[in-house]
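Just query-v5.cif here, mmCIF, C-alpha atoms:
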```cif
data_protein
loop_
_atom_site.label_atom_id
_atom_site.label_comp_id
_atom_site.auth_asym_id
_atom_site.auth_seq_id
_atom_site.Cartn_x
_atom_site.Cartn_y
_atom_site.Cartn_z
CA MET A 152 98.26 117.95 114.56
CA THR A 153 98.45 121.30 116.32
CA ARG A 154 95.28 122.31 118.11
CA MET A 155 94.16 125.85 117.35
CA ASP A 156 93.45 126.60 121.01
CA THR A 157 97.15 126.06 121.84
CA LEU A 158 98.29 128.86 119.53
CA PRO A 159 98.57 132.45 120.75
CA GLU A 160 95.42 134.41 120.05
CA GLY A 161 95.79 136.73 117.08
CA ALA A 162 98.91 134.94 115.77
CA ALA A 163 99.10 134.28 112.04
CA VAL A 164 98.50 130.66 111.03
CA THR A 165 99.75 129.43 107.67
CA VAL A 166 97.95 126.52 106.06
CA ALA A 167 99.40 124.92 102.91
CA PRO A 168 98.50 121.93 100.72
CA MET A 169 100.52 118.72 100.80
CA LYS A 170 103.82 119.13 98.95
CA THR A 171 104.15 115.62 97.57
CA PHE A 172 100.99 115.48 95.48
CA PRO A 173 99.79 117.68 92.61
CA ILE A 174 97.54 120.56 93.66
CA ILE A 175 94.03 120.46 92.23
CA ARG A 176 92.80 123.67 93.79
CA ASP A 177 93.49 125.68 96.95
CA LEU A 178 94.32 123.06 99.61
CA VAL A 179 93.03 120.07 97.64
CA THR A 180 95.69 117.72 96.30
CA ASP A 181 95.45 114.75 93.96
CA VAL A 182 96.27 111.72 96.12
CA SER A 183 95.13 109.19 93.48
CA PHE A 184 98.72 107.84 93.46
CA ASN A 185 97.93 106.25 96.83
CA TYR A 186 94.78 104.55 95.57
CA GLU A 187 96.65 103.10 92.60
CA VAL A 188 99.32 101.68 94.92
CA ALA A 189 96.60 100.23 97.20
CA LYS A 190 95.27 98.18 94.29
CA THR A 191 98.60 96.35 94.00
CA VAL A 192 98.62 94.98 97.58
CA PRO A 193 97.35 91.37 97.64
CA ALA A 194 94.45 90.95 100.05
CA PHE A 195 94.41 89.00 103.31
CA LYS A 196 93.94 85.30 102.69
CA PRO A 197 93.65 82.86 105.58
CA GLY A 198 94.74 79.26 105.15
CA PRO A 199 92.43 76.30 105.66
CA GLU A 200 90.67 76.42 109.02
CA PRO A 201 92.30 74.05 111.48
CA GLU A 202 90.30 71.70 113.64
CA GLY A 203 88.99 73.71 116.58
CA GLY A 204 89.00 76.97 114.63
CA PHE A 205 91.53 79.74 114.25
CA ARG A 206 93.47 80.91 117.31
CA MET A 207 95.73 83.90 117.72
CA GLN A 208 97.96 85.12 120.51
CA GLN A 209 97.14 88.48 122.07
CA ILE A 210 100.43 90.01 120.89
CA ASP A 211 99.49 89.27 117.27
CA VAL A 212 96.09 90.91 117.76
CA GLU A 213 97.66 94.02 119.28
CA ARG A 214 100.22 94.32 116.47
CA SER A 215 97.48 94.28 113.83
CA GLN A 216 95.37 96.77 115.79
CA GLU A 217 98.16 99.35 115.78
CA PHE A 218 98.41 99.21 111.99
CA ARG A 219 94.63 99.39 111.57
CA LYS A 220 94.54 102.76 113.34
CA CYS A 221 95.75 104.35 110.08
CA ILE A 222 93.20 106.95 108.92
CA GLU A 223 94.81 107.32 105.47
CA CYS A 224 95.51 111.01 105.91
CA PHE A 225 98.68 110.40 103.85
CA MET A 226 100.74 112.71 106.06
CA CYS A 227 103.43 110.00 106.18
CA GLN A 228 103.45 109.93 102.39
CA ASP A 229 103.67 113.72 102.27
CA VAL A 230 106.75 114.00 104.51
CA CYS A 231 108.57 111.03 102.96
CA HIS A 232 111.40 112.66 101.01
CA VAL A 233 111.86 109.53 98.88
CA ILE A 234 108.46 110.31 97.31
CA ARG A 235 108.31 114.08 97.74
CA ASP A 236 111.76 115.06 96.49
CA HIS A 237 112.17 112.46 93.75
CA GLU A 238 109.27 112.28 91.31
CA GLU A 239 111.02 109.44 89.46
CA ASN A 240 110.64 107.22 92.56
CA LYS A 241 106.83 107.23 92.55
CA PRO A 242 106.40 104.31 90.11
CA LYS A 243 108.71 102.06 92.14
CA TYR A 244 108.23 103.24 95.75
CA ALA A 245 104.95 102.70 97.61
CA GLY A 246 105.76 104.75 100.71
CA PRO A 247 105.18 104.44 104.45
CA ARG A 248 101.40 104.12 104.35
CA PHE A 249 101.69 100.97 102.27
CA PHE A 250 104.60 99.58 104.23
CA ILE A 251 102.17 99.64 107.17
CA ARG A 252 99.67 97.69 105.06
CA PHE A 253 102.30 95.18 103.93
CA ALA A 254 103.42 94.72 107.54
CA GLU A 255 99.87 94.31 108.82
CA LEU A 256 99.17 91.53 106.33
CA GLU A 257 102.60 89.90 106.36
CA MET A 258 102.76 89.71 110.16
CA HIS A 259 99.27 88.29 110.53
CA PRO A 260 99.71 84.66 111.66
CA LEU A 261 96.69 83.38 109.72
CA ASP A 262 97.60 84.91 106.34
CA VAL A 263 99.11 82.58 103.72
CA ASN A 264 100.09 85.14 101.05
CA ASP A 265 103.76 86.09 100.85
CA ARG A 266 104.21 89.78 100.05
CA ARG A 267 107.91 90.06 100.90
CA GLU A 268 109.21 89.95 97.33
CA LEU A 269 106.52 92.41 96.24
CA ALA A 270 107.53 94.75 99.10
CA ARG A 271 111.16 94.47 98.02
CA GLU A 272 110.84 94.70 94.25
CA GLY A 273 107.48 96.28 93.47
CA ALA A 274 107.09 98.60 96.46
CA GLY A 275 110.72 99.62 96.90
CA LEU A 276 111.00 98.86 100.60
CA GLY A 277 114.80 98.99 100.36
CA MET A 278 114.68 102.64 99.26
CA CYS A 279 113.41 103.71 102.69
CA ASN A 280 116.33 105.13 104.67
CA ILE A 281 114.63 105.05 108.09
CA THR A 282 114.55 108.77 108.90
CA LYS A 283 111.40 108.28 111.04
CA CYS A 284 109.81 111.46 109.67
CA CYS A 285 106.70 109.39 108.84
CA THR A 286 106.38 108.27 112.46
CA GLU A 287 106.78 111.83 113.74
CA VAL A 288 103.81 113.19 111.74
CA CYS A 289 101.37 110.31 112.25
CA PRO A 290 98.26 111.71 113.98
CA GLU A 291 97.40 108.21 115.24
CA HIS A 292 100.87 107.74 116.77
CA ILE A 293 101.58 104.57 114.80
CA LYS A 294 105.23 103.62 115.13
CA ILE A 295 105.57 103.25 111.37
CA THR A 296 109.34 102.90 111.25
CA ASP A 297 109.93 100.76 114.33
CA ASN A 298 106.91 98.44 114.12
CA ALA A 299 106.30 98.19 110.36
CA ILE A 300 109.19 99.25 108.12
CA ILE A 301 112.13 97.79 110.05
CA PRO A 302 110.40 94.42 110.72
CA MET A 303 109.36 94.24 107.06
CA LYS A 304 112.95 94.93 105.97
CA GLU A 305 114.11 92.14 108.28
CA ARG A 306 111.55 89.73 106.81
CA VAL A 307 112.56 90.64 103.26
CA VAL A 308 116.24 90.12 104.05
CA ASP A 309 115.48 86.77 105.71
CA ALA A 310 113.45 85.63 102.71
CA HIS A 311 115.78 86.87 100.04
CA TYR A 312 119.30 86.65 101.41
CA ASP A 313 119.45 84.33 104.46
CA PRO A 314 120.52 80.81 103.41
CA VAL A 315 119.62 79.31 106.82
CA ALA A 316 116.06 80.70 106.63
CA TRP A 317 115.76 79.45 103.04
CA LEU A 318 116.85 75.96 104.10
CA GLY A 319 114.45 76.04 107.06
CA ARG A 320 111.54 76.93 104.80
CA LYS A 321 112.47 74.09 102.43
CA ILE A 322 112.67 71.55 105.26
CA LEU A 323 109.47 72.75 106.95
CA LYS A 324 107.69 73.14 103.57
CA ARG A 325 106.36 76.61 104.34
CA THR A 326 103.27 77.22 102.22
CA LYS A 327 102.96 81.02 101.94
CA LYS A 328 102.12 82.07 98.40
CA THR A 329 104.40 84.40 96.47
CA ALA A 330 103.12 87.86 95.51
CA GLN A 331 102.56 86.69 91.94
CA GLU A 332 100.54 83.65 93.09
CA ALA A 333 98.56 85.83 95.50
CA ALA A 334 97.75 88.38 92.80
CA ALA A 335 96.65 85.61 90.40
CA GLY A 336 94.07 84.26 92.80
#
```
Show me, as structure tokens, the structure contained in the file I just sent.
Amino acid sequence: MTRMDTLPEGAAVTVAPMKTFPIIRDLVTDVSFNYEVAKTVPAFKPGPEPEGGFRMQQIDVERSQEFRKCIECFMCQDVCHVIRDHEENKPKYAGPRFFIRFAELEMHPLDVNDRRELAREGAGLGMCNITKCCTEVCPEHIKITDNAIIPMKERVVDAHYDPVAWLGRKILKRTKKTAQEAAAG
């Protein structure tokens, strides 16, 4: 994120490949891990269109727009020590880039798929220890931790552990699909 014109002229500049992913050659790293994880995220699925069409509040639009600024540079994935320092975590931990994706979809008011259990079990959301290093390196200034990871953790806890929320969903007959139902079709 440092601009070259801000560095002292003639100063040495060190450029290195990402640490988290295997090096292919020179500065090129194999980020295919990220594309494999992306395949596991159930797509956006709106419910039946209500009479008068879909309507959204401006705050919901703005929340989604922040998450869509992601340019998939994978810098957040590179600095995440849960991925970088623990190779054994890769199969069960999606990382910050995908927590943004989960949050974008899960917080969208028109989406009917429920990805909370998938975020908890399949993506390892609980393994994130909120160091905010992902937020600090984001070139698009997305507040990954504050606006995506923490709200997703709250939603997962509400869905999985809160008996009052569970009872409310049963009474109101909430119709979001589970991750397994969403993946099946």
For stretch 165-182 of chain A, find every residue with an atom within 9 Å (counting all atoms listed in the file), except residues of its own chain fewer than 5 positions away, and show them as number ranges by chain. A: 225-226, 228-232, 234-236, 238
The PyMOL selection byres ((chain A and resi 275) around 9) applied to the shown file, residues as a PDB file with C-alpha atoms, keeping the file's coordinate frame:
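The resulting expr_22.pdb:
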```
ATOM      1  CA  ASN A 240     110.640 107.220  92.560  1.00  0.00           C
ATOM      2  CA  LYS A 243     108.710 102.060  92.140  1.00  0.00           C
ATOM      3  CA  TYR A 244     108.230 103.240  95.750  1.00  0.00           C
ATOM      4  CA  ALA A 245     104.950 102.700  97.610  1.00  0.00           C
ATOM      5  CA  GLY A 246     105.760 104.750 100.710  1.00  0.00           C
ATOM      6  CA  LEU A 269     106.520  92.410  96.240  1.00  0.00           C
ATOM      7  CA  ALA A 270     107.530  94.750  99.100  1.00  0.00           C
ATOM      8  CA  ARG A 271     111.160  94.470  98.020  1.00  0.00           C
ATOM      9  CA  GLU A 272     110.840  94.700  94.250  1.00  0.00           C
ATOM     10  CA  GLY A 273     107.480  96.280  93.470  1.00  0.00           C
ATOM     11  CA  ALA A 274     107.090  98.600  96.460  1.00  0.00           C
ATOM     12  CA  LEU A 276     111.000  98.860 100.600  1.00  0.00           C
ATOM     13  CA  GLY A 277     114.800  98.990 100.360  1.00  0.00           C
ATOM     14  CA  MET A 278     114.680 102.640  99.260  1.00  0.00           C
ATOM     15  CA  CYS A 279     113.410 103.710 102.690  1.00  0.00           C
TER      16      CYS A 279
END
```
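Distances here use only C-alpha atoms; by that measure, the residue among A:Glu223, A:Glu160, A:Asp313, A:Glu255 closest to A:Phe195 is A:Glu255.
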For this session: Check what the PyMOL selection byres ((chain A and resi 266) around 12) selects in the file above and give those residues as a ChimeraX atom specification.
Result: /A:191-196,249-250,252-259,262-265,267-274,276,303-304,306-307,310-311,327-334
Just the selected residues (C-alpha atoms), exported as a PDB file, in the coordinates of the input, please.
```pdb
ATOM      1  CA  THR A 191      98.600  96.350  94.000  1.00  0.00           C
ATOM      2  CA  VAL A 192      98.620  94.980  97.580  1.00  0.00           C
ATOM      3  CA  PRO A 193      97.350  91.370  97.640  1.00  0.00           C
ATOM      4  CA  ALA A 194      94.450  90.950 100.050  1.00  0.00           C
ATOM      5  CA  PHE A 195      94.410  89.000 103.310  1.00  0.00           C
ATOM      6  CA  LYS A 196      93.940  85.300 102.690  1.00  0.00           C
ATOM      7  CA  PHE A 249     101.690 100.970 102.270  1.00  0.00           C
ATOM      8  CA  PHE A 250     104.600  99.580 104.230  1.00  0.00           C
ATOM      9  CA  ARG A 252      99.670  97.690 105.060  1.00  0.00           C
ATOM     10  CA  PHE A 253     102.300  95.180 103.930  1.00  0.00           C
ATOM     11  CA  ALA A 254     103.420  94.720 107.540  1.00  0.00           C
ATOM     12  CA  GLU A 255      99.870  94.310 108.820  1.00  0.00           C
ATOM     13  CA  LEU A 256      99.170  91.530 106.330  1.00  0.00           C
ATOM     14  CA  GLU A 257     102.600  89.900 106.360  1.00  0.00           C
ATOM     15  CA  MET A 258     102.760  89.710 110.160  1.00  0.00           C
ATOM     16  CA  HIS A 259      99.270  88.290 110.530  1.00  0.00           C
ATOM     17  CA  ASP A 262      97.600  84.910 106.340  1.00  0.00           C
ATOM     18  CA  VAL A 263      99.110  82.580 103.720  1.00  0.00           C
ATOM     19  CA  ASN A 264     100.090  85.140 101.050  1.00  0.00           C
ATOM     20  CA  ASP A 265     103.760  86.090 100.850  1.00  0.00           C
ATOM     21  CA  ARG A 267     107.910  90.060 100.900  1.00  0.00           C
ATOM     22  CA  GLU A 268     109.210  89.950  97.330  1.00  0.00           C
ATOM     23  CA  LEU A 269     106.520  92.410  96.240  1.00  0.00           C
ATOM     24  CA  ALA A 270     107.530  94.750  99.100  1.00  0.00           C
ATOM     25  CA  ARG A 271     111.160  94.470  98.020  1.00  0.00           C
ATOM     26  CA  GLU A 272     110.840  94.700  94.250  1.00  0.00           C
ATOM     27  CA  GLY A 273     107.480  96.280  93.470  1.00  0.00           C
ATOM     28  CA  ALA A 274     107.090  98.600  96.460  1.00  0.00           C
ATOM     29  CA  LEU A 276     111.000  98.860 100.600  1.00  0.00           C
ATOM     30  CA  MET A 303     109.360  94.240 107.060  1.00  0.00           C
ATOM     31  CA  LYS A 304     112.950  94.930 105.970  1.00  0.00           C
ATOM     32  CA  ARG A 306     111.550  89.730 106.810  1.00  0.00           C
ATOM     33  CA  VAL A 307     112.560  90.640 103.260  1.00  0.00           C
ATOM     34  CA  ALA A 310     113.450  85.630 102.710  1.00  0.00           C
ATOM     35  CA  HIS A 311     115.780  86.870 100.040  1.00  0.00           C
ATOM     36  CA  LYS A 327     102.960  81.020 101.940  1.00  0.00           C
ATOM     37  CA  LYS A 328     102.120  82.070  98.400  1.00  0.00           C
ATOM     38  CA  THR A 329     104.400  84.400  96.470  1.00  0.00           C
ATOM     39  CA  ALA A 330     103.120  87.860  95.510  1.00  0.00           C
ATOM     40  CA  GLN A 331     102.560  86.690  91.940  1.00  0.00           C
ATOM     41  CA  GLU A 332     100.540  83.650  93.090  1.00  0.00           C
ATOM     42  CA  ALA A 333      98.560  85.830  95.500  1.00  0.00           C
ATOM     43  CA  ALA A 334      97.750  88.380  92.800  1.00  0.00           C
TER      44      ALA A 334
END
```
Checklist entry - Could you list as a list in words every residue that has an atom within 6 Å of (108.5, 104.7, 109.0), using the file's coordinates and counting all atoms listed in the file? => result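 The distance filter leaves exactly Pro247, Lys283, Cys285, Thr286, Ile295, Thr296 and Ile300 of chain A.
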note - atom CA of A:Glu187 and atom CA of A:His292 are separated by 25.0 Å
Worksheet item: Which residues, written as JSON, numbers by chain, have at least one atom at most 12 Å from stretch 153-156 of chain A, with all atoms listed in the file counted and residues fewer than 5 positions away on the same chain left out?
Response: {"A": [161, 162, 163, 164, 165, 166, 288, 290]}
With C-alpha atoms retained, write the just-selected residues as a PDB file, keeping the file's coordinate frame.
```
ATOM      1  CA  GLY A 161      95.790 136.730 117.080  1.00  0.00           C
ATOM      2  CA  ALA A 162      98.910 134.940 115.770  1.00  0.00           C
ATOM      3  CA  ALA A 163      99.100 134.280 112.040  1.00  0.00           C
ATOM      4  CA  VAL A 164      98.500 130.660 111.030  1.00  0.00           C
ATOM      5  CA  THR A 165      99.750 129.430 107.670  1.00  0.00           C
ATOM      6  CA  VAL A 166      97.950 126.520 106.060  1.00  0.00           C
ATOM      7  CA  VAL A 288     103.810 113.190 111.740  1.00  0.00           C
ATOM      8  CA  PRO A 290      98.260 111.710 113.980  1.00  0.00           C
TER       9      PRO A 290
END
```
| field | Contacts of A:Gly204 at 12 Å (all atoms listed in the file; same-chain gap of 6+ positions) as a list of chain:residue names | value |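 Near A:Gly204, the qualifying residues are A:Pro197, A:Gly198, A:Leu261.
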Using all atoms listed in the file, the best pick from A:Arg214, A:Arg248, A:Lys324, A:Arg206 as closest to A:Tyr186 would be A:Arg248
From atom CA of A:Lys220 to atom CA of A:Cys289 the spacing works out at 10.2 Å
- From the set A:Ile301, A:Ile281, A:Pro260, A:Leu318, which residue has the shortest atom-to-atom contact distance to A:Met207, counting all atoms listed in the file?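 Counting all atoms listed in the file, the residue closest to A:Met207 is A:Pro260.
The spacing separating atom CA of A:Lys241 from atom CA of A:Asn185 amounts to 9.9 Å.
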Of A:Gln216, A:Val233, A:Pro242, A:Phe205, the one sitting nearest A:Phe184 when using only C-alpha atoms is A:Pro242
